Amino acid sequence: MQTMLKVENVVKSFDGTGVLKGVSFTLDEGKVIVIVGPSGCGKSTLLRCINGLEQVDSGKIYLKDELISGRTRDMHLVRQKVGMVFQSYDLFPHMNVMQNLLLGPTKALRKNGEEVRREALAMLRRVGLEGKENALPRTLSGGQKQRVALVRAMLMHPELLLLDEITAALDPEMVSEVLNVVIDLARDGMTMAIVTHEMRFAEAVADQVLFLEDGMAAESGPPEQFFHHPQTERARRFLRSFSYESKNSRKEKQDE
Amino acid sequence: MQVSGISVLFKGINFQRLLGGLWVTMRIALITIGLSVVFGLLFGLLMLSKNKVARAFCRLWLEIVRFMPQLVLLYVVYFGFARLFGWDLSGESSAVIVFTFWGTAELGDLIRGALTSIPAHQRESAAALGLTSRQIYRYILIPQTVRRLLPQAINLSTRIIKTTALVKMINVTEVLKVGQQIIGQFYRQPDAAFWVYFTIFLLYFLICWPISLLAGKLEKRWA
Ligand SMILES: Nc1ncnc2c1ncn2[C@@H]1O[C@H](COP(=O)(O)OP(=O)(O)OP(=O)(O)O)[C@@H](O)[C@H]1O
Ligand SMILES: [Mg+2]
């Protein structure tokens with residue numbers, strides 16, 4: 001299996017305060033890594049470094065075999081291959097749904113508009129947004145906006161998709177409609193790095209979990225291990241703060 | 001025989017004279033708005049620049065414009081500068097200078113406001129799609145700036161048009177002045193004054209009202 005993303009010892013600080021203190025991981029093609037950790041531990045910064053929205057201070061990031069960190073020119077070519085969806089609804093408010101969807105493929109990739117439109121309509125249908133192509137973003141619910149944002153990223157056919165707490169700003173009843181789309185993508189083999197506070201979703205979607213604390217990888221491993229047999233006291237404490245109890249510990253309690 | 005003063009308007013070329021005066025007003029306003037757009041853009045960018053001196057300079061300029069009555073500025077330029085520097089400025093040029101001084105600062109501030117009101121994540125989401133920075137400006141930042149700016153800029157334009165009535169005070173024969181001349185000629189017609197001023201009011205209204213309707217419509221559409 002090919003390595004899609006390789007993050008090597010990435011260090012990043014803002015105004016002299018270390019935010020990432022040497023983070024490394026690799027992600028194989030078609031796999032999903034979920035990055036969790038307390039607020040302020042550097043999760044967003046890590047994704048933003050991968051996407052080139054922040055420059056790393058040191059360390060290296062590779063997409064397949066291409067070095068993508070430390071570049072200043074042609075970063076847009078890298079971003080055409082690395083999609084990203086953010087927490088806030090970042091649709092372009094002056095464009096309708098279809099215009100939002102077409103912009104990247106037709107302007108950045110210079111694809112034929114008609115073809116992309118057909119593909120876009122199919123994808124909208126798949127995420128339950130049939131008939132919304134002419135709607136303006138402000139007329140959509142938060143959950144609908146985030147599904148459009150996901151479709152917009154997917155229409156670029158990225159090799160890697162970065163999701164930064166895409167349900168954090170949603171009303172609870174809309175969270176699952178968005179997460180279900182992500183689970184579908186994972187099933188279809190999309191390579192993703194996902195930051196989330198939804199632990200059940202994380203466990204369901206992850207092939208690999210990275211627990212960041214204070215800018216360092218405090219623990220990493222397969223989801224069964226991280227969620228049910230965390231190796232470190234910090235990870236246990238973190239999971240308890242979500243009152244996320246593993247199936248095992250729940251069973252243990254019942255047995256008592 | 002007492003004839004209604006309204007007939008004054010239709011005597012000879014009186015109505016054309018009023019329109020001629022209105023054209024003087026509009027000419028001053030149009031030139032002012034045109035120049036203010038050009039300089040206002042520079043002013044707005046200067047206000048956003050990293051240079052502290054430039055920013056302080058712009059702030060001072062803006063404060064002066066906001067606190068100084070336009071009429072005082074007109075007197076300063078038309079009478080003051082003429083004496084001080086021996087300039088022979090026509091009333092119309094003085095008016096354009098003063099109103100552009102004002103329009104530049106206010107429009108510049110509007111442009112600054114519109115540019116900074118676009119959230120940073122708009123740029124970032126566009127960048128995340130792999131657009132070049134030129135494309136980000138063209139498709140995302142400039143259209144959104146214009147949408148925010150245009151209704152306010154149009155409102156500023158109507159304020160500038162209204163304020164041009166002041167140029168009468170520096171001997172420009174604009175619509176108000178023409179009106180007074182007509183009233184003077186027909187001093188025997190006591191209600192001529194009412195009709196002449198009413199007509200001037202209507203003329204201003206007919207120009208400014210559609211413009212402000214347009215602004216309101218754009219504002220609603222782009223809200
Ligand atoms: N542009 C910036 N300038 C200065 N400090 C920053 C900047 N971006 C992030 N930080 C700081 O870096 C630290 C990590 O931020 P980051 O957004 O990566 O955390 P996070 O793990 O995503 O947190 P959350 O779960 O709250 O989103 C925080 O202390 C934050 O204040
Ligand atoms: Mg974050």
# chains A, B, ... in the order shown; residues from 1 in each chain; ligands from 1
call {"tool": "interface_residues", "arguments": {"of": "chain B", "to": "chain A", "cutoff": "6 Å", "atoms": "only C-alpha atoms", "output": "list in words"}}
result
Ala128, Leu129, Gly130, Leu131 and Thr132 of chain B
call {"tool": "write_last_selection", "arguments": {"atoms": "N, CA, C and O atoms", "output": "tab-separated table (two decimals), in the first residue's frame"}}
result
chain	number	residue	atom	x	y	z
B	128	ALA	N	-7.97	26.84	-0.21
B	128	ALA	CA	-8.02	25.39	-0.04
B	128	ALA	C	-8.55	24.70	-1.30
B	128	ALA	O	-8.35	23.50	-1.48
B	129	LEU	N	-9.25	25.45	-2.15
B	129	LEU	CA	-9.71	24.87	-3.41
B	129	LEU	C	-8.63	24.86	-4.47
B	129	LEU	O	-8.86	24.43	-5.60
B	130	GLY	N	-7.48	25.41	-4.12
B	130	GLY	CA	-6.39	25.41	-5.09
B	130	GLY	C	-6.42	26.58	-6.05
B	130	GLY	O	-5.80	26.53	-7.12
B	131	LEU	N	-7.15	27.63	-5.70
B	131	LEU	CA	-7.15	28.81	-6.56
B	131	LEU	C	-5.87	29.61	-6.33
B	131	LEU	O	-5.32	29.63	-5.22
B	132	THR	N	-5.41	30.30	-7.37
B	132	THR	CA	-4.25	31.17	-7.21
B	132	THR	C	-4.71	32.45	-6.52
B	132	THR	O	-5.90	32.74	-6.47
call {"tool": "select_by_dssp", "arguments": {"residues": "stretch 17-216 of chain B", "states": "alpha helix (DSSP H)", "output": "PyMOL selection string"}}
result
chain B and resi 17-47+52-67+70-75+82-85+91-116+120-128+133-136+142-163+175-185+192-216
call {"tool": "residues_near_ligand", "arguments": {"ligand": "ligand 1", "cutoff": "7 Å", "atoms": "only C-alpha atoms and all ligand atoms", "output": "ChimeraX atom specification"}}
result
/A:14-15,19,37-46
call {"tool": "write_last_selection", "arguments": {"atoms": "N, CA and C atoms", "output": "CSV table (one decimal), in the first residue's frame"}}
result
chain,number,residue,atom,x,y,z
A,14,PHE,N,3.9,30.0,17.3
A,14,PHE,CA,3.4,31.4,17.1
A,14,PHE,C,3.9,32.3,18.1
A,15,ASP,N,4.6,33.4,17.7
A,15,ASP,CA,5.1,34.4,18.6
A,15,ASP,C,6.0,33.7,19.7
A,19,VAL,N,3.5,25.5,19.4
A,19,VAL,CA,2.2,24.9,19.3
A,19,VAL,C,2.3,23.4,18.8
A,37,GLY,N,-7.8,15.5,20.8
A,37,GLY,CA,-6.9,16.1,21.8
A,37,GLY,C,-7.7,17.3,22.4
A,38,PRO,N,-7.2,17.8,23.5
A,38,PRO,CA,-7.9,18.9,24.2
A,38,PRO,C,-7.8,20.2,23.3
A,39,SER,N,-8.7,21.1,23.6
A,39,SER,CA,-8.7,22.4,22.9
A,39,SER,C,-7.4,23.1,23.0
A,40,GLY,N,-6.9,23.6,21.9
A,40,GLY,CA,-5.6,24.3,21.9
A,40,GLY,C,-4.4,23.5,21.8
A,41,CYS,N,-4.5,22.1,21.6
A,41,CYS,CA,-3.4,21.3,21.6
A,41,CYS,C,-2.6,21.3,20.2
A,42,GLY,N,-3.3,22.0,19.3
A,42,GLY,CA,-2.6,22.1,18.0
A,42,GLY,C,-3.2,21.4,16.8
A,43,LYS,N,-4.4,20.8,17.0
A,43,LYS,CA,-5.0,20.0,15.9
A,43,LYS,C,-5.2,20.8,14.6
A,44,SER,N,-5.8,22.0,14.8
A,44,SER,CA,-6.1,22.8,13.6
A,44,SER,C,-4.8,23.2,13.0
A,45,THR,N,-3.8,23.6,13.8
A,45,THR,CA,-2.5,24.1,13.3
A,45,THR,C,-1.9,23.0,12.5
A,46,LEU,N,-2.0,21.7,12.9
A,46,LEU,CA,-1.4,20.6,12.2
A,46,LEU,C,-2.0,20.5,10.8
call {"tool": "closest_residue", "arguments": {"among": "B:Gln122, B:Trp222, B:Ile207, B:Met169", "to": "B:Gly91", "atoms": "only C-alpha atoms"}}
result
B:Met169
call {"tool": "residues_around", "arguments": {"residues": "B:Val76", "least_positions_apart": "5", "cutoff": "12 Å", "atoms": "only C-alpha atoms", "output": "PyMOL selection string"}}
result
chain B and resi 68-71+81-85+89+91+94-95+97-98+170
call {"tool": "write_last_selection", "arguments": {"atoms": "N, CA and C atoms", "output": "mmCIF file, in the first residue's frame"}}
result
data_model
loop_
_atom_site.group_PDB
_atom_site.id
_atom_site.type_symbol
_atom_site.label_atom_id
_atom_site.label_comp_id
_atom_site.auth_asym_id
_atom_site.auth_seq_id
_atom_site.Cartn_x
_atom_site.Cartn_y
_atom_site.Cartn_z
ATOM 1 N N MET B 68 -15.288 69.148 10.118
ATOM 2 C CA MET B 68 -15.300 70.480 9.519
ATOM 3 C C MET B 68 -16.519 70.634 8.622
ATOM 4 N N PRO B 69 -17.349 71.641 8.861
ATOM 5 C CA PRO B 69 -18.486 71.845 7.949
ATOM 6 C C PRO B 69 -17.976 72.069 6.525
ATOM 7 N N GLN B 70 -18.705 71.516 5.568
ATOM 8 C CA GLN B 70 -18.276 71.636 4.164
ATOM 9 C C GLN B 70 -18.150 73.111 3.764
ATOM 10 N N LEU B 71 -19.055 73.917 4.306
ATOM 11 C CA LEU B 71 -19.071 75.323 3.914
ATOM 12 C C LEU B 71 -17.775 76.014 4.327
ATOM 13 N N PHE B 81 -7.368 80.287 0.153
ATOM 14 C CA PHE B 81 -6.228 79.924 -0.689
ATOM 15 C C PHE B 81 -5.953 80.984 -1.738
ATOM 16 N N ALA B 82 -7.044 81.600 -2.206
ATOM 17 C CA ALA B 82 -6.857 82.620 -3.229
ATOM 18 C C ALA B 82 -5.996 83.756 -2.681
ATOM 19 N N ARG B 83 -6.316 84.191 -1.458
ATOM 20 C CA ARG B 83 -5.546 85.268 -0.837
ATOM 21 C C ARG B 83 -4.135 84.814 -0.487
ATOM 22 N N LEU B 84 -4.094 83.642 0.174
ATOM 23 C CA LEU B 84 -2.850 83.165 0.755
ATOM 24 C C LEU B 84 -1.805 82.874 -0.316
ATOM 25 N N PHE B 85 -2.220 82.137 -1.339
ATOM 26 C CA PHE B 85 -1.255 81.710 -2.354
ATOM 27 C C PHE B 85 -1.426 82.464 -3.658
ATOM 28 N N LEU B 89 -8.644 80.523 -8.259
ATOM 29 C CA LEU B 89 -9.467 79.330 -8.429
ATOM 30 C C LEU B 89 -10.895 79.730 -8.739
ATOM 31 N N GLY B 91 -14.928 79.147 -8.717
ATOM 32 C CA GLY B 91 -15.775 78.553 -7.699
ATOM 33 C C GLY B 91 -15.962 77.068 -7.942
ATOM 34 N N SER B 94 -12.873 75.092 -6.979
ATOM 35 C CA SER B 94 -12.783 75.037 -5.517
ATOM 36 C C SER B 94 -13.738 73.984 -4.975
ATOM 37 N N ALA B 95 -14.960 73.981 -5.539
ATOM 38 C CA ALA B 95 -15.953 73.029 -5.067
ATOM 39 C C ALA B 95 -15.485 71.598 -5.308
ATOM 40 N N ILE B 97 -12.451 70.536 -5.586
ATOM 41 C CA ILE B 97 -11.351 70.222 -4.673
ATOM 42 C C ILE B 97 -11.889 69.857 -3.291
ATOM 43 N N VAL B 98 -12.786 70.683 -2.774
ATOM 44 C CA VAL B 98 -13.292 70.448 -1.414
ATOM 45 C C VAL B 98 -14.101 69.155 -1.333
ATOM 46 N N ILE B 170 -20.091 80.232 -2.863
ATOM 47 C CA ILE B 170 -18.822 80.706 -3.407
ATOM 48 C C ILE B 170 -19.006 81.110 -4.871
#
call {"tool": "residues_around", "arguments": {"residues": "B:Tyr197", "least_positions_apart": "4", "cutoff": "12 Å", "atoms": "only C-alpha atoms", "output": "number ranges by chain"}}
result
B: 5-6, 8-9, 18, 175-183, 191-193, 201-204
call {"tool": "select_by_dssp", "arguments": {"residues": "stretch 132-220 of chain A", "states": "strand (DSSP E)", "output": "ChimeraX atom specification"}}
result
/A:160-164,192-195,208-213,216-220
call {"tool": "residues_around", "arguments": {"residues": "A:Leu20", "least_positions_apart": "3", "cutoff": "6 Å", "atoms": "only C-alpha atoms", "output": "mmCIF file with all heavy atoms, in the first residue's frame"}}
result
data_model
loop_
_atom_site.group_PDB
_atom_site.id
_atom_site.type_symbol
_atom_site.label_atom_id
_atom_site.label_comp_id
_atom_site.auth_asym_id
_atom_site.auth_seq_id
_atom_site.Cartn_x
_atom_site.Cartn_y
_atom_site.Cartn_z
ATOM 1 N N VAL A 11 7.420 21.067 13.529
ATOM 2 C CA VAL A 11 7.493 22.029 14.629
ATOM 3 C C VAL A 11 6.912 23.350 14.146
ATOM 4 O O VAL A 11 7.204 23.792 13.036
ATOM 5 C CB VAL A 11 8.965 22.236 15.071
ATOM 6 C CG1 VAL A 11 9.072 23.365 16.089
ATOM 7 C CG2 VAL A 11 9.538 20.933 15.617
ATOM 8 N N LYS A 12 6.057 23.926 14.995
ATOM 9 C CA LYS A 12 5.471 25.208 14.619
ATOM 10 C C LYS A 12 5.213 26.033 15.867
ATOM 11 O O LYS A 12 4.684 25.537 16.864
ATOM 12 C CB LYS A 12 4.135 24.955 13.895
ATOM 13 C CG LYS A 12 3.327 26.192 13.614
ATOM 14 C CD LYS A 12 3.943 27.002 12.498
ATOM 15 C CE LYS A 12 3.234 28.329 12.296
ATOM 16 N NZ LYS A 12 3.931 29.161 11.306
ATOM 17 N N GLY A 215 0.813 19.876 21.726
ATOM 18 C CA GLY A 215 1.677 19.907 20.551
ATOM 19 C C GLY A 215 2.517 18.670 20.335
ATOM 20 O O GLY A 215 3.427 18.674 19.512
#
call {"tool": "residues_around", "arguments": {"residues": "A:Val175", "least_positions_apart": "2", "cutoff": "12 Å", "atoms": "only C-alpha atoms", "output": "MDAnalysis selection string"}}
result
chainID A and resid 141:147 165:173 177:182 196:198 200:201
call {"tool": "write_last_selection", "arguments": {"atoms": "N, CA and C atoms", "output": "PDB file, in the first residue's frame"}}
result
ATOM      1  N   SER A 141     -29.507  25.328   5.900  1.00  0.00           N
ATOM      2  CA  SER A 141     -29.189  25.069   7.312  1.00  0.00           C
ATOM      3  C   SER A 141     -27.702  24.769   7.434  1.00  0.00           C
ATOM      4  N   GLY A 142     -27.205  24.809   8.659  1.00  0.00           N
ATOM      5  CA  GLY A 142     -25.789  24.525   8.891  1.00  0.00           C
ATOM      6  C   GLY A 142     -25.379  23.158   8.356  1.00  0.00           C
ATOM      7  N   GLY A 143     -26.222  22.181   8.609  1.00  0.00           N
ATOM      8  CA  GLY A 143     -25.907  20.827   8.152  1.00  0.00           C
ATOM      9  C   GLY A 143     -25.859  20.747   6.634  1.00  0.00           C
ATOM     10  N   GLN A 144     -26.788  21.449   5.983  1.00  0.00           N
ATOM     11  CA  GLN A 144     -26.787  21.459   4.517  1.00  0.00           C
ATOM     12  C   GLN A 144     -25.543  22.159   3.985  1.00  0.00           C
ATOM     13  N   LYS A 145     -25.175  23.265   4.632  1.00  0.00           N
ATOM     14  CA  LYS A 145     -23.988  23.987   4.179  1.00  0.00           C
ATOM     15  C   LYS A 145     -22.746  23.101   4.259  1.00  0.00           C
ATOM     16  N   GLN A 146     -22.620  22.385   5.369  1.00  0.00           N
ATOM     17  CA  GLN A 146     -21.426  21.559   5.502  1.00  0.00           C
ATOM     18  C   GLN A 146     -21.425  20.411   4.497  1.00  0.00           C
ATOM     19  N   ARG A 147     -22.615  19.912   4.151  1.00  0.00           N
ATOM     20  CA  ARG A 147     -22.630  18.867   3.120  1.00  0.00           C
ATOM     21  C   ARG A 147     -22.223  19.446   1.769  1.00  0.00           C
ATOM     22  N   GLU A 165     -12.991  19.663  12.455  1.00  0.00           N
ATOM     23  CA  GLU A 165     -14.185  19.832  13.299  1.00  0.00           C
ATOM     24  C   GLU A 165     -15.378  20.337  12.504  1.00  0.00           C
ATOM     25  N   ILE A 166     -15.710  19.617  11.459  1.00  0.00           N
ATOM     26  CA  ILE A 166     -16.726  20.145  10.551  1.00  0.00           C
ATOM     27  C   ILE A 166     -18.126  20.124  11.144  1.00  0.00           C
ATOM     28  N   THR A 167     -18.313  19.492  12.307  1.00  0.00           N
ATOM     29  CA  THR A 167     -19.649  19.519  12.913  1.00  0.00           C
ATOM     30  C   THR A 167     -19.693  20.331  14.197  1.00  0.00           C
ATOM     31  N   ALA A 168     -18.567  20.956  14.544  1.00  0.00           N
ATOM     32  CA  ALA A 168     -18.496  21.625  15.848  1.00  0.00           C
ATOM     33  C   ALA A 168     -19.457  22.803  15.968  1.00  0.00           C
ATOM     34  N   ALA A 169     -19.777  23.438  14.845  1.00  0.00           N
ATOM     35  CA  ALA A 169     -20.656  24.609  14.929  1.00  0.00           C
ATOM     36  C   ALA A 169     -22.113  24.258  14.632  1.00  0.00           C
ATOM     37  N   LEU A 170     -22.407  22.972  14.518  1.00  0.00           N
ATOM     38  CA  LEU A 170     -23.764  22.565  14.122  1.00  0.00           C
ATOM     39  C   LEU A 170     -24.659  22.309  15.321  1.00  0.00           C
ATOM     40  N   ASP A 171     -25.954  22.525  15.111  1.00  0.00           N
ATOM     41  CA  ASP A 171     -26.922  22.075  16.111  1.00  0.00           C
ATOM     42  C   ASP A 171     -26.861  20.550  16.161  1.00  0.00           C
ATOM     43  N   PRO A 172     -27.045  19.995  17.352  1.00  0.00           N
ATOM     44  CA  PRO A 172     -26.859  18.552  17.522  1.00  0.00           C
ATOM     45  C   PRO A 172     -27.653  17.698  16.526  1.00  0.00           C
ATOM     46  N   GLU A 173     -28.857  18.144  16.182  1.00  0.00           N
ATOM     47  CA  GLU A 173     -29.655  17.270  15.321  1.00  0.00           C
ATOM     48  C   GLU A 173     -29.132  17.208  13.891  1.00  0.00           C
ATOM     49  N   GLU A 177     -26.238  13.919   9.949  1.00  0.00           N
ATOM     50  CA  GLU A 177     -26.408  13.984   8.498  1.00  0.00           C
ATOM     51  C   GLU A 177     -25.091  14.333   7.804  1.00  0.00           C
ATOM     52  N   VAL A 178     -24.244  15.078   8.506  1.00  0.00           N
ATOM     53  CA  VAL A 178     -22.944  15.435   7.932  1.00  0.00           C
ATOM     54  C   VAL A 178     -21.944  14.294   8.125  1.00  0.00           C
ATOM     55  N   LEU A 179     -21.948  13.730   9.324  1.00  0.00           N
ATOM     56  CA  LEU A 179     -20.977  12.667   9.599  1.00  0.00           C
ATOM     57  C   LEU A 179     -21.252  11.428   8.747  1.00  0.00           C
ATOM     58  N   ASN A 180     -22.532  11.186   8.434  1.00  0.00           N
ATOM     59  CA  ASN A 180     -22.837  10.042   7.579  1.00  0.00           C
ATOM     60  C   ASN A 180     -22.202  10.177   6.199  1.00  0.00           C
ATOM     61  N   VAL A 181     -22.153  11.411   5.705  1.00  0.00           N
ATOM     62  CA  VAL A 181     -21.500  11.638   4.416  1.00  0.00           C
ATOM     63  C   VAL A 181     -20.017  11.278   4.525  1.00  0.00           C
ATOM     64  N   VAL A 182     -19.411  11.670   5.643  1.00  0.00           N
ATOM     65  CA  VAL A 182     -17.982  11.385   5.820  1.00  0.00           C
ATOM     66  C   VAL A 182     -17.747   9.875   5.919  1.00  0.00           C
ATOM     67  N   THR A 196     -11.844  15.853  15.181  1.00  0.00           N
ATOM     68  CA  THR A 196     -13.231  15.853  15.637  1.00  0.00           C
ATOM     69  C   THR A 196     -13.297  15.715  17.152  1.00  0.00           C
ATOM     70  N   HIS A 197     -14.438  16.185  17.688  1.00  0.00           N
ATOM     71  CA  HIS A 197     -14.714  15.958  19.103  1.00  0.00           C
ATOM     72  C   HIS A 197     -15.819  14.930  19.276  1.00  0.00           C
ATOM     73  N   GLU A 198     -16.248  14.361  18.140  1.00  0.00           N
ATOM     74  CA  GLU A 198     -17.313  13.350  18.195  1.00  0.00           C
ATOM     75  C   GLU A 198     -16.654  11.986  18.337  1.00  0.00           C
ATOM     76  N   ARG A 200     -17.693   8.930  19.180  1.00  0.00           N
ATOM     77  CA  ARG A 200     -18.292   7.729  18.589  1.00  0.00           C
ATOM     78  C   ARG A 200     -18.030   7.674  17.086  1.00  0.00           C
ATOM     79  N   PHE A 201     -18.178   8.828  16.463  1.00  0.00           N
ATOM     80  CA  PHE A 201     -17.875   8.935  15.033  1.00  0.00           C
ATOM     81  C   PHE A 201     -16.403   8.611  14.787  1.00  0.00           C
TER      82      PHE A 201
END
call {"tool": "residues_around", "arguments": {"residues": "A:Met190", "least_positions_apart": "4", "cutoff": "9 Å", "atoms": "only C-alpha atoms", "output": "PyMOL selection string"}}
result
chain A and resi 29-32+158-161+185-186
call {"tool": "decode", "arguments": {"residues": "stretch 183-208 of chain A", "atoms": "N, CA and C atoms", "output": "PDB file, in the first residue's frame"}}
result
ATOM      1  N   ILE A 183     -18.647   9.201   6.631  1.00  0.00           N
ATOM      2  CA  ILE A 183     -18.494   7.748   6.757  1.00  0.00           C
ATOM      3  C   ILE A 183     -18.618   7.076   5.385  1.00  0.00           C
ATOM      4  N   ASP A 184     -19.519   7.594   4.567  1.00  0.00           N
ATOM      5  CA  ASP A 184     -19.641   7.097   3.192  1.00  0.00           C
ATOM      6  C   ASP A 184     -18.348   7.284   2.416  1.00  0.00           C
ATOM      7  N   LEU A 185     -17.769   8.469   2.562  1.00  0.00           N
ATOM      8  CA  LEU A 185     -16.516   8.759   1.851  1.00  0.00           C
ATOM      9  C   LEU A 185     -15.429   7.786   2.282  1.00  0.00           C
ATOM     10  N   ALA A 186     -15.367   7.540   3.584  1.00  0.00           N
ATOM     11  CA  ALA A 186     -14.348   6.622   4.106  1.00  0.00           C
ATOM     12  C   ALA A 186     -14.551   5.234   3.505  1.00  0.00           C
ATOM     13  N   ARG A 187     -15.801   4.831   3.421  1.00  0.00           N
ATOM     14  CA  ARG A 187     -16.111   3.521   2.852  1.00  0.00           C
ATOM     15  C   ARG A 187     -15.670   3.446   1.400  1.00  0.00           C
ATOM     16  N   ASP A 188     -15.805   4.570   0.695  1.00  0.00           N
ATOM     17  CA  ASP A 188     -15.391   4.595  -0.712  1.00  0.00           C
ATOM     18  C   ASP A 188     -13.879   4.694  -0.883  1.00  0.00           C
ATOM     19  N   GLY A 189     -13.148   4.721   0.220  1.00  0.00           N
ATOM     20  CA  GLY A 189     -11.700   4.697   0.118  1.00  0.00           C
ATOM     21  C   GLY A 189     -11.030   6.053   0.056  1.00  0.00           C
ATOM     22  N   MET A 190     -11.736   7.109   0.482  1.00  0.00           N
ATOM     23  CA  MET A 190     -11.123   8.434   0.513  1.00  0.00           C
ATOM     24  C   MET A 190     -10.096   8.495   1.641  1.00  0.00           C
ATOM     25  N   THR A 191      -8.917   8.987   1.318  1.00  0.00           N
ATOM     26  CA  THR A 191      -7.890   9.161   2.348  1.00  0.00           C
ATOM     27  C   THR A 191      -8.176  10.450   3.102  1.00  0.00           C
ATOM     28  N   MET A 192      -8.298  10.360   4.435  1.00  0.00           N
ATOM     29  CA  MET A 192      -8.685  11.554   5.181  1.00  0.00           C
ATOM     30  C   MET A 192      -7.908  11.711   6.486  1.00  0.00           C
ATOM     31  N   ALA A 193      -7.690  12.958   6.866  1.00  0.00           N
ATOM     32  CA  ALA A 193      -7.204  13.289   8.209  1.00  0.00           C
ATOM     33  C   ALA A 193      -8.296  14.138   8.841  1.00  0.00           C
ATOM     34  N   ILE A 194      -8.865  13.626   9.932  1.00  0.00           N
ATOM     35  CA  ILE A 194     -10.067  14.223  10.497  1.00  0.00           C
ATOM     36  C   ILE A 194      -9.820  14.665  11.933  1.00  0.00           C
ATOM     37  N   VAL A 195     -10.112  15.924  12.211  1.00  0.00           N
ATOM     38  CA  VAL A 195     -10.106  16.407  13.585  1.00  0.00           C
ATOM     39  C   VAL A 195     -11.550  16.459  14.043  1.00  0.00           C
ATOM     40  N   THR A 196     -11.844  15.853  15.181  1.00  0.00           N
ATOM     41  CA  THR A 196     -13.231  15.853  15.637  1.00  0.00           C
ATOM     42  C   THR A 196     -13.297  15.715  17.152  1.00  0.00           C
ATOM     43  N   HIS A 197     -14.438  16.185  17.688  1.00  0.00           N
ATOM     44  CA  HIS A 197     -14.714  15.958  19.103  1.00  0.00           C
ATOM     45  C   HIS A 197     -15.819  14.930  19.276  1.00  0.00           C
ATOM     46  N   GLU A 198     -16.248  14.361  18.140  1.00  0.00           N
ATOM     47  CA  GLU A 198     -17.313  13.350  18.195  1.00  0.00           C
ATOM     48  C   GLU A 198     -16.654  11.986  18.337  1.00  0.00           C
ATOM     49  N   MET A 199     -16.581  11.491  19.554  1.00  0.00           N
ATOM     50  CA  MET A 199     -15.771  10.294  19.793  1.00  0.00           C
ATOM     51  C   MET A 199     -16.364   9.036  19.166  1.00  0.00           C
ATOM     52  N   ARG A 200     -17.693   8.930  19.180  1.00  0.00           N
ATOM     53  CA  ARG A 200     -18.292   7.729  18.589  1.00  0.00           C
ATOM     54  C   ARG A 200     -18.030   7.674  17.086  1.00  0.00           C
ATOM     55  N   PHE A 201     -18.178   8.828  16.463  1.00  0.00           N
ATOM     56  CA  PHE A 201     -17.875   8.935  15.033  1.00  0.00           C
ATOM     57  C   PHE A 201     -16.403   8.611  14.787  1.00  0.00           C
ATOM     58  N   ALA A 202     -15.547   9.157  15.646  1.00  0.00           N
ATOM     59  CA  ALA A 202     -14.106   8.920  15.490  1.00  0.00           C
ATOM     60  C   ALA A 202     -13.807   7.435  15.512  1.00  0.00           C
ATOM     61  N   GLU A 203     -14.414   6.770  16.466  1.00  0.00           N
ATOM     62  CA  GLU A 203     -14.146   5.338  16.580  1.00  0.00           C
ATOM     63  C   GLU A 203     -14.659   4.594  15.350  1.00  0.00           C
ATOM     64  N   ALA A 204     -15.800   5.040  14.841  1.00  0.00           N
ATOM     65  CA  ALA A 204     -16.401   4.347  13.702  1.00  0.00           C
ATOM     66  C   ALA A 204     -15.591   4.543  12.421  1.00  0.00           C
ATOM     67  N   VAL A 205     -14.994   5.697  12.263  1.00  0.00           N
ATOM     68  CA  VAL A 205     -14.417   6.042  10.963  1.00  0.00           C
ATOM     69  C   VAL A 205     -12.903   5.821  10.904  1.00  0.00           C
ATOM     70  N   ALA A 206     -12.250   5.778  12.072  1.00  0.00           N
ATOM     71  CA  ALA A 206     -10.788   5.800  12.087  1.00  0.00           C
ATOM     72  C   ALA A 206     -10.168   4.451  11.750  1.00  0.00           C
ATOM     73  N   ASP A 207      -9.050   4.516  11.033  1.00  0.00           N
ATOM     74  CA  ASP A 207      -8.178   3.349  10.938  1.00  0.00           C
ATOM     75  C   ASP A 207      -7.036   3.521  11.925  1.00  0.00           C
ATOM     76  N   GLN A 208      -6.889   4.763  12.379  1.00  0.00           N
ATOM     77  CA  GLN A 208      -5.718   5.113  13.165  1.00  0.00           C
ATOM     78  C   GLN A 208      -6.098   6.363  13.952  1.00  0.00           C
TER      79      GLN A 208
END
